[in-house]
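The next block is my_file-v2.cif, given as mmCIF, C-alpha atoms.
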data_coords
#
loop_
_atom_site.label_atom_id
_atom_site.label_comp_id
_atom_site.auth_asym_id
_atom_site.auth_seq_id
_atom_site.Cartn_x
_atom_site.Cartn_y
_atom_site.Cartn_z
CA MET A 1 40.04 5.33 1.07
CA THR A 2 39.88 6.56 4.64
CA GLU A 3 38.50 4.47 7.48
CA HIS A 4 35.44 6.71 7.68
CA GLN A 5 34.77 6.19 3.99
CA ARG A 6 35.20 2.43 4.40
CA LEU A 7 32.70 2.32 7.27
CA PHE A 8 30.09 4.22 5.28
CA LEU A 9 30.72 2.03 2.25
CA VAL A 10 30.33 -1.17 4.30
CA GLN A 11 26.94 0.00 5.54
CA ALA A 12 25.90 1.30 2.11
CA ARG A 13 26.70 -2.07 0.55
CA ALA A 14 24.81 -3.91 3.28
CA ASP A 15 21.76 -1.74 2.61
CA HIS A 16 22.14 -2.20 -1.13
CA THR A 17 22.25 -5.98 -0.68
CA VAL A 18 18.95 -5.84 1.21
CA PHE A 19 17.50 -3.63 -1.55
CA ALA A 20 18.54 -6.18 -4.18
CA MET A 21 16.96 -9.02 -2.18
CA LEU A 22 13.71 -7.12 -1.72
CA ARG A 23 13.61 -6.09 -5.36
CA ARG A 24 13.66 -9.75 -6.43
CA GLN A 25 10.57 -10.49 -4.33
CA PRO A 26 7.65 -8.78 -6.08
CA GLU A 27 5.18 -10.05 -3.48
CA LEU A 28 6.76 -7.65 -0.96
CA ARG A 29 5.71 -4.03 -0.79
CA ALA A 30 7.72 -1.51 -2.81
CA CYS A 31 8.12 0.74 0.24
CA HIS A 32 10.63 -1.71 1.74
CA ALA A 33 12.88 -1.84 -1.31
CA LEU A 34 12.68 1.94 -1.76
CA HIS A 35 13.63 2.49 1.86
CA TYR A 36 16.82 0.46 1.44
CA LEU A 37 17.62 2.02 -1.95
CA GLN A 38 17.31 5.49 -0.43
CA MET A 39 19.54 4.58 2.51
CA ALA A 40 22.13 2.76 0.37
CA THR A 41 22.53 5.60 -2.11
CA GLU A 42 22.65 8.22 0.65
CA LEU A 43 25.41 6.32 2.44
CA LEU A 44 27.38 5.82 -0.79
CA GLY A 45 27.23 9.57 -1.34
CA LYS A 46 28.35 10.19 2.23
CA ALA A 47 31.19 7.66 1.90
CA HIS A 48 32.48 9.71 -1.02
CA ALA A 49 31.96 12.99 0.85
CA TRP A 50 34.11 11.76 3.76
CA GLU A 51 37.12 12.29 1.52
CA HIS A 52 37.05 15.91 2.74
CA GLY A 53 35.94 15.28 6.33
CA PRO A 54 32.55 14.80 7.93
CA PRO A 55 29.69 15.47 5.50
CA THR A 56 26.95 17.86 6.43
CA LYS A 57 23.98 16.36 8.24
CA THR A 58 21.59 15.90 5.34
CA HIS A 59 19.88 13.18 3.38
CA ARG A 60 20.97 14.94 0.18
CA ALA A 61 24.17 13.11 -0.64
CA PHE A 62 23.62 10.97 -3.74
CA VAL A 63 22.96 13.72 -6.30
CA ALA A 64 26.02 15.62 -5.09
CA PHE A 65 28.01 12.40 -5.35
CA LEU A 66 26.92 11.82 -8.95
CA ARG A 67 27.87 15.37 -9.86
CA ARG A 68 31.28 14.99 -8.18
CA ILE A 69 32.13 11.75 -10.00
CA SER A 70 30.98 13.05 -13.37
CA PRO A 71 34.44 14.45 -14.28
CA ASN A 72 36.22 11.46 -12.67
CA ARG A 73 37.82 9.56 -15.56
CA GLN A 74 38.78 6.65 -13.30
CA ALA A 75 35.13 6.15 -12.28
CA GLN A 76 34.10 6.56 -15.91
CA LYS A 77 36.54 3.83 -16.95
CA GLN A 78 35.52 1.46 -14.12
CA LEU A 79 31.88 1.80 -15.10
CA GLY A 80 32.60 0.89 -18.72
CA PHE A 81 32.59 4.35 -20.29
CA GLU A 82 36.29 4.76 -21.11
CA GLY A 83 36.65 7.13 -24.05
CA GLN A 84 32.91 7.78 -24.10
CA ASN A 85 32.86 11.16 -22.40
CA GLU A 86 29.56 12.30 -23.90
CA ASN A 87 27.79 9.01 -23.10
CA TRP A 88 29.09 9.18 -19.54
CA ALA A 89 28.01 12.80 -19.11
CA HIS A 90 24.60 11.93 -20.60
CA LEU A 91 24.16 9.01 -18.16
CA ILE A 92 24.92 11.25 -15.18
CA ARG A 93 22.61 14.02 -16.46
CA LYS A 94 19.80 11.50 -17.01
CA SER A 95 20.35 9.93 -13.59
CA VAL A 96 20.22 13.11 -11.51
CA PRO A 97 16.41 13.59 -11.60
CA LEU A 98 15.81 9.98 -10.53
CA ALA A 99 18.52 10.25 -7.88
CA LYS A 100 16.82 13.38 -6.53
CA ARG A 101 13.49 11.55 -6.34
CA ILE A 102 15.19 8.74 -4.41
CA GLU A 103 16.72 11.29 -2.02
CA ASP A 104 13.29 12.90 -1.56
CA LEU A 105 11.95 9.63 -0.17
CA ALA A 106 13.71 10.31 3.15
CA PRO A 107 10.91 11.33 5.55
CA ALA A 108 12.74 14.55 6.49
CA LEU A 109 12.72 15.58 2.83
CA ALA A 110 9.32 14.17 1.86
CA LEU A 111 7.68 16.36 4.50
CA ASP A 112 3.98 15.48 4.33
CA GLY A 113 4.30 13.50 1.12
CA PRO A 114 5.06 9.94 0.12
CA ASN A 115 7.93 8.28 1.92
CA PRO A 116 8.64 4.58 2.47
CA GLU A 117 8.83 4.74 6.27
CA TYR A 118 5.92 6.60 7.88
CA PRO A 119 2.25 7.20 7.15
CA TRP A 120 1.48 10.71 5.95
CA PRO A 121 0.55 13.51 6.25
CA ARG A 122 2.38 13.72 9.54
CA LEU A 123 -0.32 15.40 11.66
CA ASP A 124 -3.25 13.48 10.19
CA PRO A 125 -1.97 10.23 8.61
CA ARG A 126 -4.20 8.91 5.84
CA ILE A 127 -1.79 6.83 3.75
CA ALA A 128 0.49 4.00 4.83
CA PRO A 129 3.62 3.38 2.77
CA ALA A 130 2.69 -0.30 2.47
CA GLU A 131 -0.57 0.67 0.73
CA HIS A 132 0.91 3.34 -1.54
CA SER A 133 1.84 2.82 -5.16
CA PHE A 134 5.10 4.74 -5.49
CA GLU A 135 5.42 6.33 -8.92
CA VAL A 136 9.23 6.28 -8.70
CA TRP A 137 9.12 2.50 -8.10
CA GLN A 138 7.06 2.00 -11.25
CA GLU A 139 9.56 4.10 -13.18
CA LEU A 140 12.54 2.18 -11.81
CA GLN A 141 10.97 -1.16 -12.68
CA GLU A 142 9.16 -0.47 -15.93
CA THR A 143 11.14 2.09 -17.92
CA ALA A 144 14.45 1.84 -19.72
CA ALA A 145 15.69 4.93 -17.88
CA GLY A 146 14.77 3.38 -14.52
CA ARG A 147 16.46 0.09 -15.30
CA GLN A 148 19.53 1.94 -16.58
CA PHE A 149 19.62 3.95 -13.34
CA LEU A 150 19.48 0.80 -11.21
CA ASN A 151 22.17 -0.81 -13.36
CA MET A 152 24.38 2.23 -12.85
CA VAL A 153 23.79 2.09 -9.07
CA GLU A 154 24.75 -1.60 -9.10
CA ARG A 155 27.95 -0.80 -10.99
CA LEU A 156 28.76 2.10 -8.67
CA PHE A 157 28.63 -0.25 -5.70
CA ALA A 158 30.75 -2.84 -7.48
CA ALA A 159 33.50 -0.34 -8.28
CA ALA A 160 33.22 2.01 -5.28
CA GLU A 161 36.78 1.48 -4.02
CA THR A 162 38.02 2.94 -7.30
CA PHE A 163 36.66 6.40 -6.66
CA LEU A 164 36.54 6.62 -2.86
#

Step by step, read the file and then write its structure as structure tokens.
Amino acid sequence: MTEHQRLFLVQARADHTVFAMLRRQPELRACHALHYLQMATELLGKAHAWEHGPPTKTHRAFVAFLRRISPNRQAQKQLGFEGQNENWAHLIRKSVPLAKRIEDLAPALALDGPNPEYPWPRLDPRIAPAEHSFEVWQELQETAAGRQFLNMVERLFAAAETFL
């Protein structure tokens, strides 16, 4: 792991820790947890991307990261899928749409739609993130696919040094 990767991983883990804390406090608004999940996954993707030099300036880093680690047998093994190539590939395929929705929460990508940071639409705000019921949050919390996604993210953070 390069020093640049380490720095991005340190910050990604710090953001993920805050996400985990917020997630355990249901009285807090979902926008806060989603904000930290979006930042943590973006930074994890960028930590991986630093393997080849500075990543492009974009919020789209996590989906690309998942696609890049899909053929990585070491990552597969560390995440408990040794010898289960089809299950591993299926997990990644199933995770990409949710990962994309998490990426799309970044205000620059959400454009005039729901994002966890700023009221929208931009030129005539009518909705505050703290008052919005984020569909992706419901999916993450209430569906098997959402819980599996969050479990995979947790495991990715736990084993990150293995594939960075």

Skip His90 of chain A itself and residues of its chain fewer than 5 positions away, then list as a PDB file with C-alpha atoms, keeping the file's coordinate frame all residues within 12 Å of it, counting only C-alpha atoms.
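Result file is selection-v2.pdb:
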ATOM      1  CA  LEU A  66      26.920  11.820  -8.950  1.00  0.00           C
ATOM      2  CA  ARG A  67      27.870  15.370  -9.860  1.00  0.00           C
ATOM      3  CA  SER A  70      30.980  13.050 -13.370  1.00  0.00           C
ATOM      4  CA  PRO A  71      34.440  14.450 -14.280  1.00  0.00           C
ATOM      5  CA  GLN A  76      34.100   6.560 -15.910  1.00  0.00           C
ATOM      6  CA  PHE A  81      32.590   4.350 -20.290  1.00  0.00           C
ATOM      7  CA  GLN A  84      32.910   7.780 -24.100  1.00  0.00           C
ATOM      8  CA  ASN A  85      32.860  11.160 -22.400  1.00  0.00           C
ATOM      9  CA  SER A  95      20.350   9.930 -13.590  1.00  0.00           C
ATOM     10  CA  VAL A  96      20.220  13.110 -11.510  1.00  0.00           C
ATOM     11  CA  ALA A 145      15.690   4.930 -17.880  1.00  0.00           C
ATOM     12  CA  GLN A 148      19.530   1.940 -16.580  1.00  0.00           C
ATOM     13  CA  PHE A 149      19.620   3.950 -13.340  1.00  0.00           C
TER      14      PHE A 149
END

Can you list what the PyMOL selection byres ((chain A and resi 115) around 9) grabs from this structure, as an mmCIF file with C-alpha atoms, in the coordinates of the input?
data_model
loop_
_atom_site.group_PDB
_atom_site.id
_atom_site.type_symbol
_atom_site.label_atom_id
_atom_site.label_comp_id
_atom_site.auth_asym_id
_atom_site.auth_seq_id
_atom_site.Cartn_x
_atom_site.Cartn_y
_atom_site.Cartn_z
ATOM 1 C CA CYS A 31 8.120 0.740 0.240
ATOM 2 C CA LEU A 34 12.680 1.940 -1.760
ATOM 3 C CA HIS A 35 13.630 2.490 1.860
ATOM 4 C CA ASP A 104 13.290 12.900 -1.560
ATOM 5 C CA LEU A 105 11.950 9.630 -0.170
ATOM 6 C CA ALA A 106 13.710 10.310 3.150
ATOM 7 C CA PRO A 107 10.910 11.330 5.550
ATOM 8 C CA LEU A 109 12.720 15.580 2.830
ATOM 9 C CA ALA A 110 9.320 14.170 1.860
ATOM 10 C CA LEU A 111 7.680 16.360 4.500
ATOM 11 C CA ASP A 112 3.980 15.480 4.330
ATOM 12 C CA GLY A 113 4.300 13.500 1.120
ATOM 13 C CA PRO A 114 5.060 9.940 0.120
ATOM 14 C CA PRO A 116 8.640 4.580 2.470
ATOM 15 C CA GLU A 117 8.830 4.740 6.270
ATOM 16 C CA TYR A 118 5.920 6.600 7.880
ATOM 17 C CA PRO A 119 2.250 7.200 7.150
ATOM 18 C CA TRP A 120 1.480 10.710 5.950
ATOM 19 C CA PRO A 129 3.620 3.380 2.770
ATOM 20 C CA PHE A 134 5.100 4.740 -5.490
#

Hey, can you pull every residue with an atom no more than 12 Å from (20.5, -6.4, 0.4), using all atoms listed in the file, and send it as a PDB file with C-alpha atoms, keeping the file's coordinate frame?
ATOM      1  CA  VAL A  10      30.330  -1.170   4.300  1.00  0.00           C
ATOM      2  CA  GLN A  11      26.940   0.000   5.540  1.00  0.00           C
ATOM      3  CA  ALA A  12      25.900   1.300   2.110  1.00  0.00           C
ATOM      4  CA  ARG A  13      26.700  -2.070   0.550  1.00  0.00           C
ATOM      5  CA  ALA A  14      24.810  -3.910   3.280  1.00  0.00           C
ATOM      6  CA  ASP A  15      21.760  -1.740   2.610  1.00  0.00           C
ATOM      7  CA  HIS A  16      22.140  -2.200  -1.130  1.00  0.00           C
ATOM      8  CA  THR A  17      22.250  -5.980  -0.680  1.00  0.00           C
ATOM      9  CA  VAL A  18      18.950  -5.840   1.210  1.00  0.00           C
ATOM     10  CA  PHE A  19      17.500  -3.630  -1.550  1.00  0.00           C
ATOM     11  CA  ALA A  20      18.540  -6.180  -4.180  1.00  0.00           C
ATOM     12  CA  MET A  21      16.960  -9.020  -2.180  1.00  0.00           C
ATOM     13  CA  LEU A  22      13.710  -7.120  -1.720  1.00  0.00           C
ATOM     14  CA  ARG A  23      13.610  -6.090  -5.360  1.00  0.00           C
ATOM     15  CA  ARG A  24      13.660  -9.750  -6.430  1.00  0.00           C
ATOM     16  CA  GLN A  25      10.570 -10.490  -4.330  1.00  0.00           C
ATOM     17  CA  HIS A  32      10.630  -1.710   1.740  1.00  0.00           C
ATOM     18  CA  ALA A  33      12.880  -1.840  -1.310  1.00  0.00           C
ATOM     19  CA  LEU A  34      12.680   1.940  -1.760  1.00  0.00           C
ATOM     20  CA  HIS A  35      13.630   2.490   1.860  1.00  0.00           C
ATOM     21  CA  TYR A  36      16.820   0.460   1.440  1.00  0.00           C
ATOM     22  CA  LEU A  37      17.620   2.020  -1.950  1.00  0.00           C
ATOM     23  CA  MET A  39      19.540   4.580   2.510  1.00  0.00           C
ATOM     24  CA  ALA A  40      22.130   2.760   0.370  1.00  0.00           C
ATOM     25  CA  GLU A 154      24.750  -1.600  -9.100  1.00  0.00           C
ATOM     26  CA  PHE A 157      28.630  -0.250  -5.700  1.00  0.00           C
TER      27      PHE A 157
END

For the PyMOL selection byres ((chain A and resi 59-61) around 7), applied here, can you spell out every residue it catches as number ranges by chain?
A: 42, 45-46, 58, 62-65, 103, 106

Next item on the list: Tell me, as a ChimeraX atom specification, which residues lie within 12 Å of Pro54 of chain A, counting all atoms listed in the file; anything in the same chain fewer than 6 positions away does not count.
Entry: /A:2-5,8,45-48

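Of the residues under consideration (A:Ala49, A:Ala30, A:Ala99, A:Ala160), A:Ala30 shows the shortest atom-to-atom contact distance to Trp137 of chain A when counting only C-alpha atoms.
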
Q | For atom CA of Phe163 of chain A and atom CA of Ile102 of chain A, the interatomic separation in Å (one decimal) | A |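 For atom CA of Phe163 of chain A relative to atom CA of Ile102 of chain A, the distance reads 21.7 Å.
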
Pairwise distance, atom CA of Thr162 of chain A with atom CA of Trp50 of chain A, equals 14.7 Å

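Picture a line from atom CA of Ala75 of chain A to atom CA of Ala159 of chain A; it runs 7.8 Å.
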
I'd like the neighbourhood of Ala158 of chain A as a PDB file with C-alpha atoms, in the frame of the given file, where a residue qualifies if any of its atoms comes within 10 Å (using all atoms listed in the file), though same-chain residues fewer than 6 positions away should be ignored.
ATOM      1  CA  ARG A  13      26.700  -2.070   0.550  1.00  0.00           C
ATOM      2  CA  GLN A  78      35.520   1.460 -14.120  1.00  0.00           C
ATOM      3  CA  LEU A  79      31.880   1.800 -15.100  1.00  0.00           C
ATOM      4  CA  MET A 152      24.380   2.230 -12.850  1.00  0.00           C
TER       5      MET A 152
END

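Using only C-alpha atoms for every distance, the candidate list A:Ala130, A:Gln38, A:Glu161, A:Pro125 yields A:Glu161 as the residue closest to Met1 of chain A.
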